[in-house]
Each structure stands twice: as structure tokens, then as C-alpha cells.
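Asker: One file: input_3.txt (compact mmCIF, C-alpha atoms).
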```txt
# COMPACT_ATOMS: atom_id res chain seq x y z
CA MET T 1 -14.46 -21.87 -14.58
CA SER T 2 -11.39 -24.13 -14.60
CA ARG T 3 -8.56 -23.21 -12.28
CA VAL T 4 -5.21 -22.47 -13.83
CA THR T 5 -2.25 -24.21 -12.19
CA GLU T 6 1.33 -23.11 -11.63
CA GLN T 7 2.56 -25.77 -14.04
CA GLN T 8 0.21 -24.60 -16.78
CA ILE T 9 1.53 -21.06 -16.39
CA LEU T 10 5.15 -22.19 -16.48
CA ASP T 11 4.45 -24.38 -19.54
CA ALA T 12 2.93 -21.36 -21.28
CA LEU T 13 5.85 -19.10 -20.34
CA ALA T 14 8.23 -21.77 -21.65
CA THR T 15 6.96 -20.86 -25.13
CA VAL T 16 8.11 -17.24 -24.71
CA ILE T 17 11.57 -16.87 -26.26
CA GLU T 18 14.15 -14.32 -25.12
CA PRO T 19 15.35 -12.81 -28.44
CA GLU T 20 19.05 -12.46 -27.67
CA SER T 21 19.72 -15.97 -26.33
CA LYS T 22 16.97 -17.67 -28.38
CA LYS T 23 16.03 -19.62 -25.25
CA ASP T 24 12.75 -19.62 -23.36
CA ILE T 25 12.37 -17.42 -20.29
CA VAL T 26 11.64 -20.36 -17.96
CA SER T 27 14.79 -22.34 -18.78
CA LEU T 28 16.78 -19.10 -18.46
CA GLY T 29 15.51 -18.75 -14.86
CA MET T 30 13.94 -15.37 -15.55
CA VAL T 31 10.54 -16.18 -14.01
CA SER T 32 10.18 -15.72 -10.26
CA GLY T 33 7.66 -14.75 -7.57
CA LEU T 34 4.74 -16.52 -9.27
CA ILE T 35 1.47 -16.02 -7.41
CA ILE T 36 -2.03 -17.23 -8.33
CA LYS T 37 -5.34 -16.41 -6.72
CA ASP T 38 -8.78 -17.05 -8.19
CA GLY T 39 -7.60 -16.54 -11.75
CA ASN T 40 -5.41 -13.51 -11.01
CA VAL T 41 -1.75 -14.16 -11.85
CA GLY T 42 1.38 -12.22 -10.99
CA PHE T 43 5.06 -12.91 -11.58
CA SER T 44 8.42 -11.20 -12.09
CA LEU T 45 10.89 -11.37 -14.95
CA GLU T 46 14.47 -10.95 -13.75
CA ILE T 47 16.56 -9.03 -16.27
CA ASN T 48 19.69 -6.99 -16.74
CA PRO T 49 18.62 -3.49 -15.58
CA ALA T 50 20.62 -1.85 -18.34
CA LYS T 51 18.33 -3.49 -20.91
CA ALA T 52 14.99 -2.80 -19.24
CA ASP T 53 13.50 -0.89 -22.20
CA ALA T 54 14.46 -3.68 -24.59
CA PHE T 55 12.69 -6.24 -22.40
CA GLU T 56 9.38 -4.37 -22.25
CA PRO T 57 7.99 -6.14 -25.36
CA LEU T 58 8.98 -9.46 -23.78
CA ARG T 59 7.11 -8.54 -20.59
CA LYS T 60 3.99 -7.71 -22.58
CA LEU T 61 4.28 -10.96 -24.55
CA ALA T 62 4.60 -12.96 -21.33
CA GLU T 63 1.46 -11.29 -19.94
CA LYS T 64 -0.45 -11.91 -23.17
CA THR T 65 0.62 -15.57 -23.28
CA VAL T 66 -0.53 -16.29 -19.73
CA HIS T 67 -3.73 -14.30 -20.16
CA ALA T 68 -4.71 -16.60 -23.04
CA LEU T 69 -4.87 -19.61 -20.69
CA PRO T 70 -8.35 -20.82 -19.67
CA GLY T 71 -9.23 -19.68 -16.18
CA VAL T 72 -6.94 -16.62 -16.17
CA LEU T 73 -8.74 -13.35 -15.45
CA SER T 74 -5.82 -10.94 -15.13
CA VAL T 75 -2.04 -10.98 -15.38
CA SER T 76 0.55 -8.63 -13.93
CA ALA T 77 4.19 -9.15 -14.88
CA ILE T 78 6.92 -6.86 -13.56
CA LEU T 79 10.55 -6.42 -14.56
CA THR T 80 13.12 -6.67 -11.80
CA ALA T 81 16.91 -6.62 -11.93
CA GLU T 82 18.99 -9.76 -11.83
CA ASN T 83 22.08 -10.09 -9.63
CA GLN T 84 25.41 -9.95 -11.37
CA PRO T 85 28.36 -11.61 -9.57
CA GLY T 86 29.53 -9.31 -6.80
CA GLU T 87 26.78 -6.79 -7.41
CA THR T 88 23.91 -5.62 -5.26
CA LYS T 89 20.37 -6.15 -6.44
CA THR T 90 19.05 -3.00 -8.09
CA PRO T 91 15.69 -2.07 -9.60
CA ALA T 92 15.19 -2.24 -13.34
CA ALA T 93 15.00 1.00 -15.25
CA PRO T 94 11.54 2.55 -15.58
CA GLN T 95 9.18 0.51 -17.74
CA LYS T 96 6.87 1.90 -20.41
CA PRO T 97 3.64 -0.04 -20.14
CA GLN T 98 0.44 1.13 -21.78
CA PRO T 99 -1.65 2.64 -20.40
CA SER T 100 1.05 4.51 -18.54
CA PRO T 101 1.11 7.49 -16.20
CA LYS T 102 3.26 10.37 -17.25
CA PRO T 103 5.79 11.66 -14.76
CA GLY T 104 5.09 15.12 -13.45
CA PRO T 105 7.60 17.94 -13.23
CA SER T 106 9.18 16.25 -10.21
CA GLY T 107 9.50 12.92 -12.03
CA LYS T 108 6.91 11.28 -9.77
CA ILE T 109 3.99 9.10 -10.83
CA GLU T 110 0.81 11.07 -11.36
CA LEU T 111 -2.69 9.60 -11.15
CA ASP T 112 -5.55 11.31 -12.90
CA GLY T 113 -8.57 12.16 -10.77
CA ILE T 114 -6.93 11.84 -7.35
CA LYS T 115 -6.89 15.19 -5.59
CA HIS T 116 -4.70 14.26 -2.63
CA ILE T 117 -2.51 11.33 -1.57
CA ILE T 118 -1.28 10.83 1.98
CA ALA T 119 0.64 8.08 3.77
CA ILE T 120 -0.20 6.64 7.18
CA ALA T 121 3.13 5.41 8.49
CA SER T 122 4.97 4.15 11.56
CA GLY T 123 8.59 3.54 12.39
CA LYS T 124 7.86 0.03 13.68
CA GLY T 125 5.19 -2.64 13.47
CA GLY T 126 2.56 -3.48 16.06
CA VAL T 127 1.46 0.07 16.85
CA GLY T 128 -1.98 -0.19 15.24
CA LYS T 129 -1.16 1.75 12.07
CA SER T 130 -3.51 -0.21 9.78
CA THR T 131 -6.39 -0.02 12.26
CA THR T 132 -5.83 3.73 12.47
CA ALA T 133 -5.61 4.17 8.69
CA ILE T 134 -8.83 2.27 8.05
CA ASN T 135 -10.84 4.09 10.70
CA ILE T 136 -9.58 7.46 9.49
CA ALA T 137 -10.58 6.51 5.94
CA LEU T 138 -14.04 5.47 7.09
CA SER T 139 -14.46 8.63 9.15
CA LEU T 140 -13.67 10.82 6.14
CA ALA T 141 -15.97 8.77 3.89
CA LYS T 142 -18.82 9.36 6.35
CA LYS T 143 -18.36 13.09 5.74
CA GLY T 144 -19.10 12.59 2.05
CA LEU T 145 -15.55 12.51 0.72
CA LYS T 146 -14.52 10.03 -1.98
CA ILE T 147 -11.81 7.92 -0.34
CA GLY T 148 -9.43 5.25 -1.61
CA LEU T 149 -7.31 2.99 0.59
CA MET T 150 -4.16 1.27 -0.67
CA ASP T 151 -2.53 -1.42 1.45
CA ALA T 152 1.18 -0.98 0.72
CA ASP T 153 2.31 -3.64 3.21
CA ILE T 154 3.30 -6.36 0.74
CA TYR T 155 4.64 -8.72 3.40
CA GLY T 156 1.78 -8.32 5.88
CA PRO T 157 -1.38 -7.12 4.11
CA SER T 158 -4.22 -6.64 6.60
CA GLN T 159 -6.77 -4.65 4.64
CA PRO T 160 -8.84 -7.62 3.36
CA ARG T 161 -9.41 -8.95 6.90
CA MET T 162 -9.97 -5.56 8.55
CA MET T 163 -12.32 -4.29 5.84
CA GLY T 164 -14.18 -7.59 5.70
CA ILE T 165 -13.59 -7.94 1.95
CA THR T 166 -13.54 -11.32 0.26
CA GLY T 167 -13.24 -12.26 -3.38
CA ARG T 168 -10.94 -10.86 -6.00
CA PRO T 169 -10.62 -7.63 -7.99
CA SER T 170 -12.08 -7.75 -11.49
CA SER T 171 -10.19 -6.75 -14.60
CA PRO T 172 -12.03 -5.03 -17.46
CA ASP T 173 -9.20 -5.56 -19.96
CA GLY T 174 -6.71 -8.02 -18.48
CA LYS T 175 -4.27 -5.17 -17.84
CA THR T 176 -5.89 -3.05 -15.16
CA LEU T 177 -7.77 -3.93 -11.97
CA LEU T 178 -10.88 -2.42 -10.48
CA PRO T 179 -10.49 -1.76 -6.74
CA MET T 180 -12.64 -3.67 -4.27
CA GLU T 181 -15.26 -1.58 -2.46
CA ARG T 182 -16.91 -1.71 0.96
CA HIS T 183 -18.35 0.93 3.29
CA GLY T 184 -17.94 3.45 0.48
CA ILE T 185 -14.16 2.95 0.34
CA LYS T 186 -12.23 1.84 -2.77
CA CYS T 187 -9.55 -0.64 -1.66
CA MET T 188 -6.55 -2.39 -3.17
CA SER T 189 -4.19 -4.83 -1.48
CA VAL T 190 -1.90 -7.63 -2.58
CA GLY T 191 -3.88 -9.61 -0.01
CA PHE T 192 -6.75 -9.74 -2.53
CA LEU T 193 -4.52 -11.67 -4.93
CA VAL T 194 -2.90 -14.25 -2.64
CA ALA T 195 -4.14 -16.58 0.07
CA GLU T 196 -4.09 -15.10 3.58
CA ASP T 197 -1.47 -17.59 4.81
CA THR T 198 0.78 -17.36 1.73
CA PRO T 199 4.15 -15.72 2.49
CA MET T 200 5.37 -13.09 0.04
CA ILE T 201 8.98 -14.10 -0.53
CA TRP T 202 9.88 -11.16 -2.74
CA ARG T 203 13.11 -9.22 -3.12
CA GLY T 204 13.21 -5.47 -2.65
CA PRO T 205 12.96 -4.50 -6.36
CA MET T 206 9.96 -6.81 -6.78
CA VAL T 207 8.21 -5.10 -3.89
CA GLN T 208 8.94 -1.67 -5.34
CA SER T 209 7.54 -2.67 -8.73
CA ALA T 210 4.44 -4.20 -7.15
CA LEU T 211 3.74 -1.01 -5.21
CA THR T 212 4.00 1.23 -8.24
CA GLN T 213 1.79 -1.15 -10.24
CA MET T 214 -0.87 -1.12 -7.52
CA LEU T 215 -1.05 2.61 -8.12
CA ARG T 216 -0.47 2.66 -11.86
CA ASP T 217 -2.63 -0.29 -12.96
CA VAL T 218 -5.62 0.19 -10.65
CA VAL T 219 -8.61 2.17 -11.93
CA TRP T 220 -9.06 4.40 -8.89
CA GLY T 221 -11.39 6.87 -10.60
CA GLU T 222 -12.22 10.21 -9.00
CA LEU T 223 -11.02 10.47 -5.38
CA ASP T 224 -10.80 13.33 -2.93
CA LEU T 225 -8.13 11.42 -1.04
CA LEU T 226 -6.10 8.24 -1.48
CA ILE T 227 -4.76 6.95 1.84
CA VAL T 228 -1.70 4.72 1.57
CA ASP T 229 -1.35 2.33 4.52
CA MET T 230 2.44 2.06 4.58
CA PRO T 231 4.47 -0.93 5.75
CA PRO T 232 6.35 -0.32 9.02
CA GLY T 233 9.92 0.92 8.94
CA THR T 234 12.03 3.11 6.66
CA GLY T 235 13.26 0.66 4.01
CA ASP T 236 12.91 0.22 0.25
CA ALA T 237 9.11 0.15 0.18
CA GLN T 238 8.80 3.35 2.16
CA LEU T 239 11.40 5.18 0.07
CA THR T 240 9.71 4.01 -3.14
CA MET T 241 6.41 5.51 -2.04
CA ALA T 242 7.99 8.70 -0.71
CA GLN T 243 10.16 9.32 -3.77
CA GLN T 244 7.96 8.10 -6.64
CA VAL T 245 4.45 9.01 -5.46
CA PRO T 246 3.33 12.66 -5.17
CA LEU T 247 2.44 12.47 -1.50
CA ASP T 248 0.73 15.54 -0.12
CA GLY T 249 1.65 14.54 3.40
CA ALA T 250 2.29 11.80 5.92
CA VAL T 251 0.75 10.92 9.28
CA ILE T 252 2.88 9.13 11.87
CA VAL T 253 1.30 6.60 14.25
CA SER T 254 3.12 5.65 17.46
CA THR T 255 2.48 4.21 20.87
CA PRO T 256 3.68 6.22 23.91
CA GLN T 257 6.70 4.14 24.94
CA ASP T 258 10.24 5.32 24.26
CA ILE T 259 11.27 2.54 21.83
CA ALA T 260 8.24 3.18 19.58
CA LEU T 261 8.85 6.93 19.68
CA LEU T 262 12.47 6.41 18.65
CA ASP T 263 11.34 4.56 15.52
CA ALA T 264 8.52 7.04 14.89
CA ARG T 265 11.09 9.82 14.92
CA LYS T 266 13.07 7.98 12.21
CA GLY T 267 9.96 7.69 10.08
CA LEU T 268 9.15 11.36 10.50
CA ASN T 269 12.69 12.40 9.59
CA MET T 270 12.62 10.17 6.49
CA PHE T 271 9.57 12.00 5.14
CA ARG T 272 11.06 15.38 5.91
CA LYS T 273 14.28 14.48 4.09
CA VAL T 274 12.35 13.67 0.92
CA ASP T 275 10.25 16.84 1.24
CA VAL T 276 6.98 15.17 2.22
CA PRO T 277 5.11 17.33 4.77
CA VAL T 278 4.34 15.56 8.05
CA LEU T 279 0.71 16.38 8.82
CA GLY T 280 0.89 15.18 12.40
CA ILE T 281 1.42 12.43 14.94
CA ILE T 282 -1.22 10.14 16.43
CA GLU T 283 -0.70 8.41 19.77
CA ASN T 284 -2.30 4.96 19.62
CA MET T 285 -2.83 2.68 22.64
CA SER T 286 -2.43 5.76 24.80
CA VAL T 287 -4.23 4.20 27.76
CA TYR T 288 -5.68 0.79 28.55
CA ILE T 289 -9.35 0.85 29.54
CA CYS T 290 -10.57 -2.19 31.45
CA PRO T 291 -13.78 -3.46 29.76
CA GLU T 292 -15.12 -4.68 33.14
CA CYS T 293 -14.64 -1.73 35.45
CA GLY T 294 -13.49 1.11 33.20
CA HIS T 295 -10.20 1.55 35.08
CA GLU T 296 -7.51 3.32 33.04
CA ALA T 297 -3.84 2.31 33.08
CA HIS T 298 -1.03 3.90 31.08
CA ILE T 299 0.80 0.63 30.45
CA PHE T 300 2.93 2.04 27.61
CA GLY T 301 3.64 5.37 29.26
CA GLU T 302 1.72 8.62 29.27
CA HIS T 303 1.61 11.39 26.65
CA GLY T 304 4.81 10.16 24.98
CA ALA T 305 3.71 10.96 21.40
CA ARG T 306 2.14 14.25 22.47
CA ASN T 307 5.43 15.34 24.03
CA GLU T 308 7.41 14.07 21.04
CA ALA T 309 5.23 16.07 18.65
CA LYS T 310 5.99 19.21 20.64
CA LYS T 311 9.74 18.50 20.53
CA LEU T 312 9.64 17.95 16.77
CA ASP T 313 7.44 20.99 16.12
CA CYS T 314 4.77 18.75 14.64
CA THR T 315 0.97 18.78 14.97
CA PHE T 316 -0.43 16.37 17.56
CA LEU T 317 -3.58 14.87 16.03
CA GLY T 318 -4.95 13.01 19.03
CA GLU T 319 -4.94 9.89 21.18
CA MET T 320 -6.67 6.53 20.81
CA PRO T 321 -7.00 4.16 23.78
CA LEU T 322 -6.14 0.47 23.85
CA HIS T 323 -9.59 -1.11 23.99
CA ILE T 324 -10.78 -4.60 23.15
CA ASP T 325 -13.69 -3.32 21.04
CA ILE T 326 -11.31 -1.62 18.60
CA ARG T 327 -9.37 -4.84 18.21
CA THR T 328 -12.32 -7.24 17.89
CA THR T 329 -14.22 -5.11 15.38
CA SER T 330 -11.11 -4.89 13.19
CA ASP T 331 -10.57 -8.65 13.35
CA GLU T 332 -14.21 -9.21 12.40
CA GLY T 333 -14.03 -6.90 9.38
CA GLU T 334 -16.41 -4.35 10.88
CA PRO T 335 -14.19 -1.46 12.05
CA ILE T 336 -15.37 0.47 15.11
CA VAL T 337 -16.30 3.57 13.06
CA VAL T 338 -18.99 1.60 11.18
CA SER T 339 -19.93 -0.96 13.84
CA SER T 340 -20.41 1.65 16.63
CA PRO T 341 -20.69 4.97 14.76
CA GLU T 342 -22.08 6.86 17.76
CA GLY T 343 -19.59 5.45 20.26
CA GLU T 344 -16.74 7.28 21.97
CA HIS T 345 -14.05 5.55 19.88
CA ALA T 346 -15.74 6.49 16.59
CA LYS T 347 -15.98 10.09 17.78
CA ARG T 348 -12.25 10.13 18.59
CA TYR T 349 -11.41 8.78 15.15
CA ALA T 350 -13.68 11.41 13.60
CA ASP T 351 -11.83 14.16 15.45
CA ILE T 352 -8.47 12.79 14.32
CA ALA T 353 -9.73 12.51 10.74
CA ASP T 354 -10.88 16.14 10.90
CA GLY T 355 -7.40 17.11 12.05
CA VAL T 356 -5.78 15.18 9.19
CA TRP T 357 -8.07 16.76 6.61
CA SER T 358 -7.56 20.23 8.07
CA SER T 359 -3.77 19.82 8.05
CA LEU T 360 -3.93 18.61 4.47
CA ALA T 361 -6.15 21.48 3.37
CA THR T 362 -3.76 24.04 4.80
CA SER T 363 -0.62 22.33 3.54
CA ALA T 364 1.41 24.44 1.13
CA LYS T 365 2.07 21.41 -1.09
CA GLN T 366 0.10 21.60 -4.32
CA ALA T 367 -2.24 18.69 -5.02
CA PRO T 368 -1.16 16.31 -7.81
CA THR T 369 -2.43 16.79 -11.34
CA ILE T 370 -2.08 13.62 -13.34
CA SER T 371 -3.01 12.32 -16.73
CA MET T 372 -3.24 8.68 -17.72
CA GLU T 373 -3.52 7.86 -21.37
```
Could I get this file's structure written as C-alpha cells?

Answerer:
Amino acid sequence: MSRVTEQQILDALATVIEPESKKDIVSLGMVSGLIIKDGNVGFSLEINPAKADAFEPLRKLAEKTVHALPGVLSVSAILTAENQPGETKTPAAPQKPQPSPKPGPSGKIELDGIKHIIAIASGKGGVGKSTTAINIALSLAKKGLKIGLMDADIYGPSQPRMMGITGRPSSPDGKTLLPMERHGIKCMSVGFLVAEDTPMIWRGPMVQSALTQMLRDVVWGELDLLIVDMPPGTGDAQLTMAQQVPLDGAVIVSTPQDIALLDARKGLNMFRKVDVPVLGIIENMSVYICPECGHEAHIFGEHGARNEAKKLDCTFLGEMPLHIDIRTTSDEGEPIVVSSPEGEHAKRYADIADGVWSSLATSAKQAPTISME
């Protein structure tokens, strides 16, 4: 199969005419954020947010035009708002793609067949959130549950490496994507669509649109639980997920030291303010275990997250040590739960996963009921 180039895509988009100005969308500077990986193409069309509905046919035409190029397997175009002089960048109004999820009573996206959706979050980066999310997902899958895992960290996707997944998602119709699968987990990440060392230089509205499309345009099928591995912090991406996705709960991951707990507290309060139940707190890197002699050292402090959970009247889900085996197995794409299923670390993750599932089962929040037509 021939490989499509950036220039070929731009030449094709230069034939798409914006009706009002009668000029092509490339010369108008509307095309941005173009990414290409193994025949999968994504880009943004920057528009006036007040005219988002009027531009939906143009978005579809741009997708259709690029999809007709040899070597293109799938195309995803999103509408994002242009900057007016002296104005702040704002998201475009809701689009109306087909197939399209219908908003539920709360106005949030609903996804047919997914019983529960939870977020694994942290107030800051570097606390092992993605490692925790993946091992929890694998632990629940081992119990026979149907699990999906969405990597919502657009700027630093780690799921492909940690899950040991290579290749690209397939598209049955050029509009939707089938999730990648390994170890019984259905996975989706922007990292499947771009090279590992390619920076994602996207504005906030583009990130928000990409996140909603990874939910909306992925054929997740029937799932007992979709776990969303959130990006660190409490910015646009986090608010998009908390406000537009019917989350049944959130799990906070933190290390024991004070600075991490301060940021974890911010993350917890963000979810509470948008009425997302916090299912509990996990203390990661709770103790360093020397691989040579087994000596334990609390290099980040001791029981910080446990004590914080008590202060915040929140469930404490458990502790995970800082151990080289957890790190190396993640880097190698064989997480500790599957590479050493009978080991102590896998058992700890299993206990934490049980706690998450138990908290979710007893949560008063009703599970989402979604239809996609």
C-alpha cells in the first residue's frame, strides 16, 4: 500500500471550497494539527464558533476528500474555534456527526453498551497513574469482566508502550475506529495514530474535541467498565471528561509526599465540584524495596495518602510500593499483573481493583444508558 504524504493531503484539501468566501480551506488557513500514521489521518478545521453547525457539511466533505486518497485508511476531522482579535480561544459549538451519540438527560455523551465509566486521575504527573490504571484494568479483566481502557493523555500517551501494542486501529467504514486489543483489554490512545516521538502541538479546544471523538467514534462494544486514564492536572482536558462524559466515579493516585498530596487534593475537589463521586485514593510508591536485600525505605514519606484520605472522608484503596519490577514490566509492555500474576505486586493490584469495583458497585450514581444511532 502506498503511503500518503502531508503534501498530498493538503493538495486534496485545497480542492475543498469554503462556501461563504469561495476560497479553499487550505489558503484560508483553516487546516491545522495534521497528523498521519500508517494511513490514519487526523486534522482540525479552525472556524468561527458561532457558525459551527453551518460548517459541519464542510467537515464531512473534507473527511471524504482525504479518505478518497490512495493509502488512506481512516480520517478524523474536528472543528475547533478560531481566535478573533482580542478574544480567547473557545471550543466550537457541538457538532452533529453521524453516527452520533445522543446527549442524556444531563447533556453528557452517552455510549451504548458501556455499563460503567470511571477516571483514574492525579493532580500531578510522575506519580505512576498510567501504570496503576493499566494494572487495575488487567486485574479486573482477569476476574472475567469486559474492560476497556482509554488513554486520555493527548500530550503524553503511554498506553501503547505499557500495553505492548503495536500497529494501528482498523476502520470498518472510514468514520469509526475499532479499539486495539491485548490481554483481553480493548484499548484506544492517540499514541496509536502518531509516532512515539511526535509532539502533539494542539490547542485546548483541539484536545477537547479529540477526547470526545475517541469516545464517540470508537466502536467499544459491550463493556462492564471503561477506564479512562486521565492526563495529570485539572485543566481543559480533565474538565472536558468530567463535564461531558457520564463518569460513575474517579480514583485518585498520589505518592505520599506533601507536594503530590496537595495536587491530589485539587484533583479530588475538582471531581466533587462537578458531581463525580470519588471512589477512593491510592498511594503509589509508598515504600522503596531494595531488590538486593529487601530493605524498605519510605523515601517519599509514610502513609501520606492514607492520612489524606481520612482527612477528606474518602476511601483509602491501598498502597503500592516503588519496585523496579513494576517499572521494567511496564516499559517492556508486559505489566506486572500479567507477567507475574502470582506475585505479591499482582496480588496488591488485585486487592485495589476489588476495592475500586466494590466502591463502584455501591455508588449511588446510576450507570449510563446510551444509544448510538

Asker: Counting all atoms listed in the file, give me one row per residue of range 227-336 of chain T with an atom at most 12 Å from an atom of range 137-161 of chain T, showing the shortest contact pair and its distance in Å to one decimal, sorted by chain then residue number, as JSON lines.

Answerer:
```
{"residue": "T:Ile227", "atom": "CA", "partner": "T:Leu149", "partner_atom": "CA", "distance": 4.9}
{"residue": "T:Val228", "atom": "CA", "partner": "T:Met150", "partner_atom": "CA", "distance": 4.8}
{"residue": "T:Asp229", "atom": "CA", "partner": "T:Asp151", "partner_atom": "CA", "distance": 5.0}
{"residue": "T:Met230", "atom": "CA", "partner": "T:Ala152", "partner_atom": "CA", "distance": 5.1}
{"residue": "T:Pro231", "atom": "CA", "partner": "T:Asp153", "partner_atom": "CA", "distance": 4.3}
{"residue": "T:Pro232", "atom": "CA", "partner": "T:Asp153", "partner_atom": "CA", "distance": 7.8}
{"residue": "T:Gly233", "atom": "CA", "partner": "T:Asp153", "partner_atom": "CA", "distance": 10.6}
{"residue": "T:Gly235", "atom": "CA", "partner": "T:Asp153", "partner_atom": "CA", "distance": 11.8}
{"residue": "T:Asp236", "atom": "CA", "partner": "T:Ile154", "partner_atom": "CA", "distance": 11.7}
{"residue": "T:Ala237", "atom": "CA", "partner": "T:Ala152", "partner_atom": "CA", "distance": 8.0}
{"residue": "T:Gln238", "atom": "CA", "partner": "T:Ala152", "partner_atom": "CA", "distance": 8.9}
{"residue": "T:Leu239", "atom": "CA", "partner": "T:Ala152", "partner_atom": "CA", "distance": 12.0}
{"residue": "T:Thr240", "atom": "CA", "partner": "T:Ala152", "partner_atom": "CA", "distance": 10.6}
{"residue": "T:Met241", "atom": "CA", "partner": "T:Ala152", "partner_atom": "CA", "distance": 8.8}
{"residue": "T:Ala242", "atom": "CA", "partner": "T:Ala152", "partner_atom": "CA", "distance": 11.9}
{"residue": "T:Thr328", "atom": "CA", "partner": "T:Arg161", "partner_atom": "CA", "distance": 11.5}
{"residue": "T:Thr329", "atom": "CA", "partner": "T:Arg161", "partner_atom": "CA", "distance": 10.5}
{"residue": "T:Ser330", "atom": "CA", "partner": "T:Arg161", "partner_atom": "CA", "distance": 7.7}
{"residue": "T:Asp331", "atom": "CA", "partner": "T:Arg161", "partner_atom": "CA", "distance": 6.6}
{"residue": "T:Glu332", "atom": "CA", "partner": "T:Arg161", "partner_atom": "CA", "distance": 7.3}
{"residue": "T:Gly333", "atom": "CA", "partner": "T:Arg161", "partner_atom": "CA", "distance": 5.6}
{"residue": "T:Glu334", "atom": "CA", "partner": "T:Arg161", "partner_atom": "CA", "distance": 9.3}
{"residue": "T:Pro335", "atom": "CA", "partner": "T:Leu138", "partner_atom": "CA", "distance": 8.5}
{"residue": "T:Ile336", "atom": "CA", "partner": "T:Leu138", "partner_atom": "CA", "distance": 9.5}
```

Asker: Leaving out His323 in chain T and any residue of its chain fewer than 5 positions from it, which residues lie within 8 Å of it when counting all atoms listed in the file, given as a ChimeraX atom specification?

Answerer: /T:285,288-291

Asker: Give as a list in words the set of residues within 8 Å of the point (7.7, 5.8, 17.8), where distances use the file's coordinates and only C-alpha atoms.

Answerer: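 It turns out the residues near that spot are Ser122, Gly123, Lys124, Val253, Ser254, Thr255, Pro256, Gln257, Asp258, Ile259, Ala260, Leu261, Leu262, Asp263, Ala264, Arg265 and Ala305 of chain T.
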
Asker: Please write as a list in words the list of polymer residues whose atoms come within 10 Å of (-12.5, -22.1, -12.5), counting all atoms listed in the file and keeping to the coordinates of the file.

Answerer: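 Result, sorted by chain then residue number: Met1, Ser2, Arg3, Val4, Asp38, Gly39, Pro70, Gly71, Val72 and Leu73 of chain T.
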
Asker: So that I have them on file, write out the residues from the current selection with C-alpha atoms, as an mmCIF file, keeping the file's coordinate frame.

Answerer:
```cif
data_model
loop_
_atom_site.group_PDB
_atom_site.id
_atom_site.type_symbol
_atom_site.label_atom_id
_atom_site.label_comp_id
_atom_site.auth_asym_id
_atom_site.auth_seq_id
_atom_site.Cartn_x
_atom_site.Cartn_y
_atom_site.Cartn_z
ATOM 1 C CA MET T 1 -14.460 -21.870 -14.580
ATOM 2 C CA SER T 2 -11.390 -24.130 -14.600
ATOM 3 C CA ARG T 3 -8.560 -23.210 -12.280
ATOM 4 C CA VAL T 4 -5.210 -22.470 -13.830
ATOM 5 C CA ASP T 38 -8.780 -17.050 -8.190
ATOM 6 C CA GLY T 39 -7.600 -16.540 -11.750
ATOM 7 C CA PRO T 70 -8.350 -20.820 -19.670
ATOM 8 C CA GLY T 71 -9.230 -19.680 -16.180
ATOM 9 C CA VAL T 72 -6.940 -16.620 -16.170
ATOM 10 C CA LEU T 73 -8.740 -13.350 -15.450
#
```

Asker: Between CA of Thr65 in chain T and CA of Ser171 in chain T, what is the distance in Å, rounded to a tenth?

Answerer: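 Separation between CA of Thr65 in chain T and CA of Ser171 in chain T: 16.4 Å.
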
Asker: Within 7 Å of Met30 in chain T, counting only C-alpha atoms, which residues qualify if same-chain residues fewer than 6 places away don't, as a ChimeraX atom specification?

Answerer: /T:45-47

Asker: In Å, with one decimal, what is the gap from CA of Asp224 in chain T to CA of Ala353 in chain T?

Answerer: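 Distance between the two atoms: 13.7 Å.
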
Asker: Go through T:Thr176, T:Thr166, T:Asn48, T:Ser21 one by one, measure the shortest atom-to-atom distance of each to Val194 in chain T using only C-alpha atoms, and give the residue with the smallest value.

Answerer: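 When distances to Val194 in chain T are compared using only C-alpha atoms, the smallest one comes from T:Thr166.
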
Asker: Of the candidates T:Lys108, T:Arg327, T:Arg59, T:Arg272, which one gets nearest to Gly42 in chain T if we count all atoms listed in the file?

Answerer: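 Nearest candidate to Gly42 in chain T out of T:Lys108, T:Arg327, T:Arg59, T:Arg272: T:Arg59.
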
Asker: In Å, rounded to a single decimal, give me how far CA of Ile165 in chain T is from CA of Ala133 in chain T.

Answerer: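 For CA of Ala133 in chain T relative to CA of Ile165 in chain T, the distance reads 16.0 Å.
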
Asker: Check the smallest atom-to-atom distance from each of T:Ala77, T:Ile282, T:Val41, T:Ala119 to Arg306 in chain T using all atoms listed in the file, then report the winner.

Answerer: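 Answer, going by the shortest atom-to-atom distance: T:Ile282.
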
Asker: Residues near Val26 in chain T, anyone? I mean within 12 Å using all atoms listed in the file, not counting same-chain ones fewer than 5 positions away, as a short mmCIF file (atom, residue, chain, number, x, y, z; two decimals) with C-alpha atoms, in the coordinates of the input.

Answerer:
```cif
data_model
loop_
_atom_site.label_atom_id
_atom_site.label_comp_id
_atom_site.auth_asym_id
_atom_site.auth_seq_id
_atom_site.Cartn_x
_atom_site.Cartn_y
_atom_site.Cartn_z
CA GLN T 7 2.56 -25.77 -14.04
CA ILE T 9 1.53 -21.06 -16.39
CA LEU T 10 5.15 -22.19 -16.48
CA ASP T 11 4.45 -24.38 -19.54
CA ALA T 12 2.93 -21.36 -21.28
CA LEU T 13 5.85 -19.10 -20.34
CA ALA T 14 8.23 -21.77 -21.65
CA THR T 15 6.96 -20.86 -25.13
CA VAL T 16 8.11 -17.24 -24.71
CA ILE T 17 11.57 -16.87 -26.26
CA GLU T 18 14.15 -14.32 -25.12
CA VAL T 31 10.54 -16.18 -14.01
CA SER T 32 10.18 -15.72 -10.26
CA LEU T 34 4.74 -16.52 -9.27
CA PHE T 43 5.06 -12.91 -11.58
CA SER T 44 8.42 -11.20 -12.09
CA LEU T 45 10.89 -11.37 -14.95
CA GLU T 46 14.47 -10.95 -13.75
CA ALA T 62 4.60 -12.96 -21.33
#
```
